[in-house]
$ cat protein.cif   # mmCIF, C-alpha atoms
data_data
loop_
_atom_site.label_atom_id
_atom_site.label_comp_id
_atom_site.auth_asym_id
_atom_site.auth_seq_id
_atom_site.Cartn_x
_atom_site.Cartn_y
_atom_site.Cartn_z
CA MET A 945 -116.74 -100.76 -46.78
CA GLU A 946 -118.05 -101.47 -43.27
CA GLY A 947 -116.13 -103.97 -41.24
CA LYS A 948 -112.77 -103.10 -42.74
CA GLU A 949 -110.20 -102.28 -40.16
CA PRO A 950 -107.63 -99.59 -40.75
CA ARG A 951 -104.14 -100.79 -41.40
CA GLU A 952 -101.18 -100.01 -39.21
CA PRO A 953 -99.31 -96.87 -40.23
CA ASN A 954 -96.30 -97.37 -42.42
CA PHE A 955 -93.10 -95.21 -41.79
CA LYS A 956 -90.43 -94.92 -44.43
CA ASP A 957 -87.24 -92.81 -44.26
CA GLY A 958 -88.57 -91.08 -41.18
CA PHE A 959 -91.69 -89.89 -43.01
CA GLU A 960 -95.08 -90.98 -41.62
CA ARG A 961 -97.57 -92.09 -44.14
CA LEU A 962 -101.11 -93.16 -43.26
CA VAL A 963 -102.97 -95.21 -45.88
CA CYS A 964 -106.50 -96.66 -45.43
CA GLN A 965 -106.98 -100.36 -46.19
CA GLU A 966 -110.05 -99.73 -48.22
CA ASP A 967 -108.20 -97.37 -50.50
CA LEU A 968 -105.65 -100.07 -51.30
CA GLU A 969 -108.29 -102.64 -52.13
CA ASP A 970 -110.30 -100.36 -54.27
CA GLU A 971 -109.41 -101.07 -57.87
CA GLU A 972 -110.90 -97.88 -59.06
CA HIS A 973 -108.49 -96.02 -57.07
CA GLN A 974 -105.49 -98.20 -57.91
CA ASN A 975 -104.04 -95.77 -60.33
CA TYR A 976 -104.73 -92.95 -57.98
CA HIS A 977 -102.87 -94.68 -55.17
CA GLN A 978 -100.06 -95.53 -57.52
CA ALA A 979 -99.69 -91.90 -58.50
CA ASN A 980 -100.05 -90.83 -54.90
CA ARG A 981 -97.30 -93.26 -53.91
CA ILE A 982 -95.03 -91.82 -56.55
CA ASN A 983 -95.74 -88.31 -55.28
CA LEU A 984 -95.05 -89.39 -51.76
CA GLN A 985 -91.74 -90.88 -52.80
CA VAL A 986 -90.82 -87.71 -54.63
CA LEU A 987 -91.80 -85.70 -51.57
CA THR A 988 -89.87 -88.06 -49.37
CA PHE A 989 -86.80 -87.65 -51.61
CA SER A 990 -87.21 -83.90 -51.57
CA MET A 991 -87.56 -83.78 -47.83
CA GLY A 992 -84.52 -86.01 -47.42
CA ARG A 993 -82.51 -83.76 -49.69
CA CYS A 994 -83.60 -80.74 -47.70
CA ARG A 995 -82.65 -82.46 -44.48
CA THR A 996 -79.23 -83.28 -45.98
CA LEU A 997 -78.71 -79.66 -46.95
CA ALA A 998 -79.84 -78.60 -43.52
CA SER A 999 -77.40 -81.02 -41.96
CA VAL A 1000 -74.56 -79.71 -44.11
CA SER A 1001 -75.52 -76.17 -43.26
CA MET A 1002 -75.57 -77.02 -39.57
CA MET A 1003 -72.15 -78.60 -39.88
CA VAL A 1004 -70.75 -75.54 -41.66
CA LEU A 1005 -72.30 -73.31 -39.02
CA ALA A 1006 -70.89 -75.48 -36.25
CA ALA A 1007 -67.46 -75.31 -37.88
CA ALA A 1008 -67.72 -71.53 -38.14
CA LEU A 1009 -68.74 -71.28 -34.51
CA LEU A 1010 -65.84 -73.53 -33.54
CA ILE A 1011 -63.39 -71.36 -35.45
CA ALA A 1012 -64.83 -68.21 -33.86
CA ASP A 1013 -64.64 -69.83 -30.45
CA ILE A 1014 -60.99 -70.77 -31.00
CA ALA A 1015 -60.25 -67.21 -32.18
CA LEU A 1016 -62.00 -65.74 -29.15
CA ALA A 1017 -60.12 -68.10 -26.86
CA ASP A 1018 -56.83 -67.03 -28.43
CA GLN A 1019 -57.70 -63.35 -28.04
CA TYR A 1020 -58.74 -63.93 -24.45
CA LYS A 1021 -55.48 -65.76 -23.80
CA LYS A 1022 -53.52 -62.88 -25.29
CA ARG A 1023 -55.45 -60.38 -23.19
CA THR A 1024 -54.96 -62.53 -20.11
CA ASP A 1025 -51.20 -62.72 -20.81
CA ALA A 1026 -51.09 -58.93 -21.24
CA HIS A 1027 -52.55 -58.29 -17.75
CA LEU A 1028 -50.36 -58.19 -14.65
CA THR A 1029 -50.45 -61.02 -12.22
CA SER A 1030 -51.18 -60.50 -8.53
CA ALA A 1031 -47.48 -60.95 -7.80
CA ASP A 1032 -46.63 -58.19 -10.27
CA VAL A 1033 -49.20 -55.91 -8.69
CA GLU A 1034 -47.83 -56.62 -5.23
CA ARG A 1035 -44.26 -55.97 -6.37
CA ILE A 1036 -45.25 -52.69 -8.02
CA GLY A 1037 -47.11 -51.70 -4.85
CA GLU A 1038 -43.97 -52.29 -2.82
CA GLU A 1039 -41.92 -50.19 -5.25
CA VAL A 1040 -44.48 -47.38 -5.08
CA ALA A 1041 -44.39 -47.53 -1.28
CA LYS A 1042 -40.60 -47.28 -1.37
CA LEU A 1043 -40.77 -44.31 -3.73
CA GLN A 1044 -43.33 -42.60 -1.50
CA GLY A 1045 -41.09 -43.15 1.48
CA ALA A 1046 -38.10 -41.73 -0.37
CA TYR A 1047 -40.22 -38.76 -1.47
CA HIS A 1048 -41.35 -37.99 2.07
CA THR A 1049 -37.75 -38.32 3.28
CA ALA A 1050 -36.59 -35.91 0.57
CA VAL A 1051 -39.37 -33.45 1.49
CA GLU A 1052 -38.39 -33.54 5.16
CA SER A 1053 -34.74 -33.06 4.23
CA MET A 1054 -35.67 -30.13 2.02
CA LYS A 1055 -37.69 -28.55 4.84
CA GLY A 1056 -34.75 -28.94 7.20
CA ALA A 1057 -32.38 -27.43 4.66
CA GLN A 1058 -34.79 -24.52 4.07
CA LYS A 1059 -35.03 -23.90 7.81
CA GLN A 1060 -31.25 -23.91 8.12
CA LEU A 1061 -31.01 -21.59 5.13
CA ASN A 1062 -33.43 -19.15 6.77
CA ILE A 1063 -31.32 -19.21 9.93
CA GLU A 1064 -28.18 -18.55 7.91
CA ARG A 1065 -29.90 -15.72 6.04
CA ASP A 1066 -30.99 -14.08 9.28
CA SER A 1067 -27.49 -14.38 10.62
CA GLN A 1068 -26.09 -13.03 7.38
CA THR A 1069 -28.51 -10.10 7.49
CA GLU A 1070 -27.26 -9.15 10.94
CA THR A 1071 -23.70 -9.46 9.69
CA ILE A 1072 -24.50 -7.20 6.73
CA PHE A 1073 -26.06 -4.63 9.06
CA GLU A 1074 -22.99 -4.73 11.27
CA LEU A 1075 -20.72 -4.46 8.23
CA ASP A 1076 -22.63 -1.38 7.01
CA HIS A 1077 -22.34 0.10 10.49
CA GLN A 1078 -18.59 -0.53 10.59
CA LYS A 1079 -18.20 0.92 7.09
CA LYS A 1080 -20.01 4.06 8.21
CA ARG A 1081 -17.79 4.32 11.29
CA SER A 1082 -14.72 3.78 9.15
CA LYS A 1083 -15.87 6.52 6.78
CA ASP A 1084 -16.45 8.85 9.72
CA TYR A 1085 -12.99 8.05 11.03
CA GLN A 1086 -11.50 8.76 7.61
CA VAL A 1087 -13.24 12.13 7.56
CA GLN A 1088 -11.91 12.90 11.03
CA ILE A 1089 -8.42 11.78 10.05
CA GLY A 1090 -8.59 13.95 6.94
CA GLN A 1091 -9.74 16.88 9.07
CA LEU A 1092 -6.89 16.37 11.54
CA GLN A 1093 -4.34 15.97 8.76
CA TRP A 1094 -5.58 19.17 7.17
CA GLU A 1095 -5.35 21.02 10.50
CA VAL A 1096 -1.84 19.67 11.07
CA SER A 1097 -0.70 20.72 7.61
CA THR A 1098 -2.34 24.10 8.09
CA MET A 1099 -0.59 24.61 11.41
CA ARG A 1100 2.71 23.58 9.87
CA SER A 1101 2.30 26.09 7.07
CA HIS A 1102 1.49 28.70 9.69
CA LEU A 1103 4.47 27.96 11.87
CA PRO A 1104 6.66 30.71 10.39
CA ILE A 1105 3.81 33.21 10.64
CA ILE A 1106 2.94 32.09 14.15
CA SER A 1107 6.60 32.34 15.11
CA ASP A 1108 6.60 35.99 14.12
CA GLY A 1109 3.02 36.41 15.35
CA CYS A 1110 4.07 35.40 18.83
CA LYS A 1111 6.09 38.60 18.92
CA TYR A 1112 3.38 40.92 17.60
CA CYS A 1113 -0.03 39.13 17.77
CA PRO A 1114 -2.18 37.28 20.33
CA GLU A 1115 -1.75 33.50 20.54
CA GLY A 1116 -3.28 31.73 17.55
CA TRP A 1117 -3.32 34.84 15.37
CA LEU A 1118 -1.39 35.17 12.14
CA PHE A 1119 1.01 37.97 11.35
CA LEU A 1120 0.55 39.12 7.73
CA ASN A 1121 1.52 42.38 6.13
CA SER A 1122 2.09 44.02 9.51
CA TYR A 1123 -1.44 43.07 10.68
CA CYS A 1124 -2.72 40.27 12.86
CA TYR A 1125 -5.46 38.00 11.52
CA PHE A 1126 -7.49 35.24 13.05
CA TYR A 1127 -8.95 32.44 10.92
CA PRO A 1128 -10.86 29.84 12.98
CA PHE A 1129 -10.23 26.94 10.59
CA SER A 1130 -10.27 24.34 13.36
CA ALA A 1131 -13.66 22.80 14.16
CA ARG A 1132 -13.09 23.38 17.87
CA PHE A 1133 -13.90 27.08 17.43
CA GLY A 1134 -17.37 26.29 16.14
CA LEU A 1135 -19.64 28.75 14.34
CA LYS A 1136 -20.97 32.14 15.40
CA THR A 1137 -23.53 34.75 14.39
CA TRP A 1138 -22.22 37.96 12.87
CA GLN A 1139 -22.53 39.83 16.19
CA GLN A 1140 -20.94 36.99 18.20
CA ALA A 1141 -18.04 36.87 15.78
CA ARG A 1142 -17.51 40.61 16.14
CA GLU A 1143 -17.53 40.38 19.92
CA PHE A 1144 -14.91 37.62 19.76
CA CYS A 1145 -12.62 39.84 17.68
CA GLN A 1146 -13.18 42.83 19.96
CA MET A 1147 -12.27 40.71 22.96
CA TYR A 1148 -8.74 40.48 21.51
CA GLY A 1149 -8.51 44.15 20.64
CA GLY A 1150 -9.57 43.83 17.02
CA ASP A 1151 -12.72 43.67 14.89
CA LEU A 1152 -14.13 41.84 11.89
CA LEU A 1153 -11.99 42.10 8.76
CA VAL A 1154 -12.48 45.13 6.50
CA ILE A 1155 -11.82 44.31 2.82
CA ASP A 1156 -11.69 47.83 1.36
CA SER A 1157 -9.25 47.23 -1.49
CA LYS A 1158 -8.62 44.81 -4.34
CA ASP A 1159 -5.24 43.80 -2.88
CA LYS A 1160 -6.81 42.94 0.45
CA GLU A 1161 -9.57 41.03 -1.31
CA ASN A 1162 -6.99 39.09 -3.31
CA SER A 1163 -4.81 38.17 -0.31
CA THR A 1164 -7.84 37.19 1.80
CA VAL A 1165 -9.45 34.96 -0.83
CA ARG A 1166 -6.13 33.38 -1.82
CA PHE A 1167 -5.40 32.55 1.80
CA LEU A 1168 -8.84 30.95 2.14
CA MET A 1169 -8.24 28.97 -1.05
CA LYS A 1170 -4.90 27.72 0.21
CA ASN A 1171 -6.37 26.57 3.52
CA LYS A 1172 -9.66 25.30 2.18
CA ASN A 1173 -10.86 22.15 3.92
CA PRO A 1174 -10.67 19.31 1.36
CA SER A 1175 -13.28 17.26 3.23
CA SER A 1176 -15.88 20.02 2.91
CA SER A 1177 -18.34 19.47 0.04
CA SER A 1178 -19.19 23.18 -0.24
CA ASP A 1179 -17.44 26.51 0.09
CA GLN A 1180 -17.52 27.71 3.68
CA PRO A 1181 -18.44 31.39 4.15
CA PHE A 1182 -16.62 33.65 6.65
CA TRP A 1183 -18.14 36.75 8.22
CA PHE A 1184 -16.28 40.00 7.64
CA GLY A 1185 -16.93 43.61 8.65
CA LEU A 1186 -19.58 44.70 6.10
CA ARG A 1187 -23.21 45.19 6.96
CA GLY A 1188 -26.30 46.64 5.32
CA LEU A 1189 -27.85 49.49 7.28
CA GLU A 1190 -31.05 51.16 6.07
CA GLY A 1191 -30.45 49.88 2.54
CA THR A 1192 -26.82 51.00 2.42
CA TRP A 1193 -23.78 48.72 2.78
CA LYS A 1194 -21.26 50.16 5.20
CA TRP A 1195 -17.98 49.15 6.81
CA LEU A 1196 -17.57 48.97 10.57
CA ASN A 1197 -15.86 52.35 10.57
CA GLY A 1198 -18.99 53.84 8.99
CA ALA A 1199 -17.54 54.22 5.48
CA VAL A 1200 -19.93 53.46 2.64
CA LEU A 1201 -19.03 50.58 0.32
CA THR A 1202 -17.67 51.85 -2.99
CA GLU A 1203 -16.42 48.66 -4.64
CA GLY A 1204 -17.88 45.26 -3.92
CA PHE A 1205 -16.88 41.78 -5.01
CA TRP A 1206 -20.31 40.18 -4.99
CA MET A 1207 -21.36 36.85 -6.47
CA GLN A 1208 -23.65 36.95 -9.48
CA GLY A 1209 -27.08 38.27 -8.45
CA GLN A 1210 -25.88 39.50 -5.03
CA PRO A 1211 -26.78 41.34 -2.92
CA ASN A 1212 -30.48 40.48 -3.33
CA ASN A 1213 -31.80 40.55 0.25
CA GLN A 1214 -34.77 38.55 -0.99
CA ASN A 1215 -36.06 37.81 2.52
CA ASN A 1216 -35.49 41.37 3.86
CA ASN A 1217 -33.30 39.95 6.61
CA GLU A 1218 -30.01 39.30 4.82
CA ASP A 1219 -28.01 42.29 6.00
CA CYS A 1220 -24.55 40.82 6.68
CA ALA A 1221 -21.78 39.93 4.24
CA ALA A 1222 -19.60 36.80 4.09
CA VAL A 1223 -16.62 35.90 1.91
CA THR A 1224 -15.86 32.45 0.48
CA ALA A 1225 -12.89 30.81 -1.21
CA LYS A 1226 -13.47 31.38 -4.92
CA THR A 1227 -11.20 31.10 -7.92
CA ASN A 1228 -12.73 34.33 -9.20
CA ILE A 1229 -11.87 36.75 -6.43
CA PHE A 1230 -14.20 39.37 -7.94
CA GLN A 1231 -17.23 37.16 -7.18
CA ALA A 1232 -16.52 35.92 -3.66
CA TRP A 1233 -19.06 37.80 -1.51
CA ASN A 1234 -22.63 36.89 -0.67
CA VAL A 1235 -25.25 38.06 1.79
CA ALA A 1236 -26.78 36.08 4.66
CA ASN A 1237 -28.98 36.45 7.68
CA CYS A 1238 -26.92 38.03 10.44
CA ASP A 1239 -28.31 35.52 12.95
CA SER A 1240 -27.12 32.52 10.93
CA ARG A 1241 -23.89 30.87 12.07
CA ARG A 1242 -20.67 31.07 10.09
CA LYS A 1243 -16.92 31.11 10.45
CA TRP A 1244 -15.37 34.57 10.70
CA ILE A 1245 -12.17 36.53 10.12
CA CYS A 1246 -10.71 38.94 12.71
CA GLU A 1247 -8.30 41.76 11.98
CA LYS A 1248 -6.08 43.57 14.47
CA VAL A 1249 -3.31 46.08 14.26
CA SER A 1250 -0.04 44.36 15.17
CA SER A 1251 2.12 45.51 18.06
CA THR A 1252 4.86 46.62 15.63
CA GLN A 1253 2.69 49.59 14.77
CA THR A 1254 2.14 50.42 18.40
CA GLU A 1255 4.56 48.96 20.87
CA PRO A 1256 6.26 45.57 21.32
CA LEU A 1257 4.57 42.96 23.48
#
$ encode --input "protein.cif" --output "structure tokens"
Amino acid sequence: MEGKEPREPNFKDGFERLVCQEDLEDEEHQNYHQANRINLQVLTFSMGRCRTLASVSMMVLAAALLIADIALADQYKKRTDAHLTSADVERIGEEVAKLQGAYHTAVESMKGAQKQLNIERDSQTETIFELDHQKKRSKDYQVQIGQLQWEVSTMRSHLPIISDGCKYCPEGWLFLNSYCYFYPFSARFGLKTWQQAREFCQMYGGDLLVIDSKDKENSTVRFLMKNKNPSSSSDQPFWFGLRGLEGTWKWLNGAVLTEGFWMQGQPNNQNNNEDCAAVTAKTNIFQAWNVANCDSRRKWICEKVSSTQTEPL
């Protein structure tokens, strides 16, 4: 088998087959080569079929990838269409800037309005204070007017008594039941202690009133009720001529008190310095007296014998 050159390779259907020349010429191996050729053909057919299936598979895969690519492109296009363009963004930015400007303008306007409101409130507060002040003054004036009207009406009711009193009593005193009485209803007379009130009465020839009978108590309290100041919120007490001395209540003439017209629980002298008596205008004349500190200031009632019982003025 020396000297035999190998034959050129033979390629069929893309499959390389290498066959030695000496194998082809060998008769003993003829059948073997024939069978081998058949096997190679079968293998070649099988490989071709596999390559066909692979090609089909690749085509199917390519088609699937193409479809997926088209679908992705469509989705991307939809997403791209859904996004705003630069022009839209710029337009929205301008609108936002306008809204911000309008907002700042509204805030500044609101601040200005609030400032003006505060100024108006301050001015209104001063006006309210002034109004309250004027109301108070008006109320004070009404009280004064009521006081003056009461004094005028009181003087008018006393005119007949004063007319007769001018004949028998000092000026400003009232002539009642043949006696002269002084009731300082007017505020111009002020208030006095018990001793000061007595000295005032003595200066005119009289003394503090002595209420030593029920009739005198009745006439005194009724007169006080008739001339009671309507503007006064409480009953005003008037000193009269009864004083506690060494635990005993006595009149100015030294007579001991036998019948008193005390308020409920009086006299109590709870502070050991309430030794003077005062009478007030009460509906119940039997409970019109109370005790007070002699140094406290009250109105008072003077009593004086009229000139008809002595001699004409």
$ atom_distance --input "protein.cif" --atom1 "CA of Ala1221 in chain A" --atom2 "CA of Gly1134 in chain A"
18.6 Å
$ residues_around --input "protein.cif" --residues "Val1223 in chain A" --least-positions-apart "5" --cutoff "10 Å" --atoms "all atoms listed in the file" --output "JSON, numbers by chain"
{"A": [1155, 1161, 1164, 1165, 1168, 1179, 1180, 1181, 1182, 1183, 1184, 1205, 1206, 1207, 1229, 1231, 1232, 1233, 1234, 1235, 1243, 1244, 1245]}
$ atom_distance --input "protein.cif" --atom1 "CA of Gln1091 in chain A" --atom2 "CA of Arg1132 in chain A"
11.4 Å
$ resolve_selection --input "protein.cif" --expression "the PyMOL selection byres ((chain A and resi 1189-1197) around 12)" --output "MDAnalysis selection string"
chainID A and resid 1139 1142 1150:1156 1184:1188 1198:1204 1211:1213 1216:1221 1235 1238 1247
$ atom_distance --input "protein.cif" --atom1 "CA of Phe1119 in chain A" --atom2 "CA of Gly1090 in chain A"
26.2 Å
$ closest_residue --input "protein.cif" --among "A:Ser1163, A:Trp1117, A:Glu1095, A:Gly1209" --to "Ala1131 in chain A" --atoms "all atoms listed in the file"
A:Glu1095
